[in-house]
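Below: one structure, written as C-alpha cells.
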Amino acid sequence: MEQFGVENLKKIVLFGAKLGEGVATILEDGKIELAEAASLLPVLMEVPGILSNKDKIKEEVADLSEAERAELKEAFVSEFDITNDTLELKIEKSVNAAVAILDLIDAFKKSQ
C-alpha cells in the first residue's frame, strides 16, 4: 500500500482538532442552534477526501516515528496555540475522532 505521509496526516490531525473545537464551541452554552451547526460545514466538507484514504491514515498512524510525532505536535501547536502537557493526547484524540467518524460514515454507506 502506498504510504500516506506525515504531511497528509497533519491535515487529518487539524481536521479532527477543528471538528472537536467546533463541537465544543457549539455545546458551550448547552444549546445547539442551526447557525452554530452550520459553522461546521467547511470542516465537514473535508470528510469525503479523508474517507477515501481511511486505510492509509490508519497505517500511517501505526507507523509514526518520533520525528513524525514531533512534526504533528508542531503543526497542532502552531494552529491552536496550545502549550500544555496534554498536547500529545489531544493530537491522538483528534486522529482517533477523525478515523471514528470516517468508520461511521463508511458503515452507513455500506448499509445502503
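Following the order of the C-alpha cells, first chain is A, next is B, and so on, with residues numbered from 1 inside each chain and ligands from 1 in the order they appear.
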Need to verify the contact set: A:Ile26, 10 Å, only C-alpha atoms, exclusion of same-chain residues closer than 5 positions in sequence. Can you return it as number ranges by chain? A: 20-21, 31-37, 39-40
Counting only C-alpha atoms, what is within 12 Å of A:Ile105, bar same-chain residues fewer than 2 positions away, as a VMD selection string? chain A and resid 44 47 to 48 50 to 52 54 98 to 103 107 to 112
Go ahead and compute the interatomic distance for atom CA of A:Leu19 and atom CA of A:Val6, in Å to one decimal.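 Straight-line distance from atom CA of A:Leu19 to atom CA of A:Val6 works out to 19.6 Å.
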Could I get the residues of stretch 34-56 of chain A with an atom no further than 12 Å from an atom of stretch 60-68 of chain A, each paired with its nearest atom pair and that distance in Å to one decimal, using only C-alpha atoms, sorted by chain and residue number, as CSV?
residue,atom,partner,partner_atom,distance
A:Asn53,CA,A:Glu60,CA,10.5
A:Lys54,CA,A:Glu60,CA,10.0
A:Asp55,CA,A:Glu60,CA,8.7
A:Lys56,CA,A:Glu60,CA,6.1
Alpha helix (DSSP H) per DSSP on the backbone: members of stretch 3-98 of chain A, as a VMD selection string: chain A and resid 6 to 27 34 to 38 41 to 44 47 to 51 54 to 62 66 to 80 87 to 98
Contacts of A:Glu71 within 12 Å, only C-alpha atoms, excl. fewer than 6 positions in-chain, as a PyMOL selection string: chain A and resi 5-11+13+64-65+77-78+88+91
Write to file, as a short mmCIF file (atom, residue, chain, number, x, y, z; two decimals), in the first residue's frame, the residues of the selection just made, with C-alpha atoms.
data_model
loop_
_atom_site.label_atom_id
_atom_site.label_comp_id
_atom_site.auth_asym_id
_atom_site.auth_seq_id
_atom_site.Cartn_x
_atom_site.Cartn_y
_atom_site.Cartn_z
CA GLY A 5 2.80 10.56 4.57
CA VAL A 6 3.10 12.77 7.60
CA GLU A 7 2.08 15.90 5.64
CA ASN A 8 -1.31 14.37 4.90
CA LEU A 9 -1.57 13.12 8.46
CA LYS A 10 -1.11 16.71 9.65
CA LYS A 11 -4.24 17.58 7.70
CA VAL A 13 -4.92 15.96 12.88
CA LEU A 64 4.83 7.06 13.10
CA SER A 65 8.43 7.74 14.07
CA VAL A 77 0.68 23.85 18.39
CA SER A 78 1.11 26.37 15.57
CA GLU A 88 0.02 14.51 22.55
CA ILE A 91 -3.42 15.01 18.87
#
Distance of atom CA of A:Arg69 from atom CA of A:Asp106, expressed in Å to one decimal place: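 Rounded to one decimal, the two atoms are 27.0 Å apart.
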Nearest residue to A:Val43 out of A:Phe80, A:Ile57, A:Gly30, A:Ile12, using only C-alpha atoms?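 Looking only at the distances to A:Val43, the closest residue turns out to be A:Ile12.
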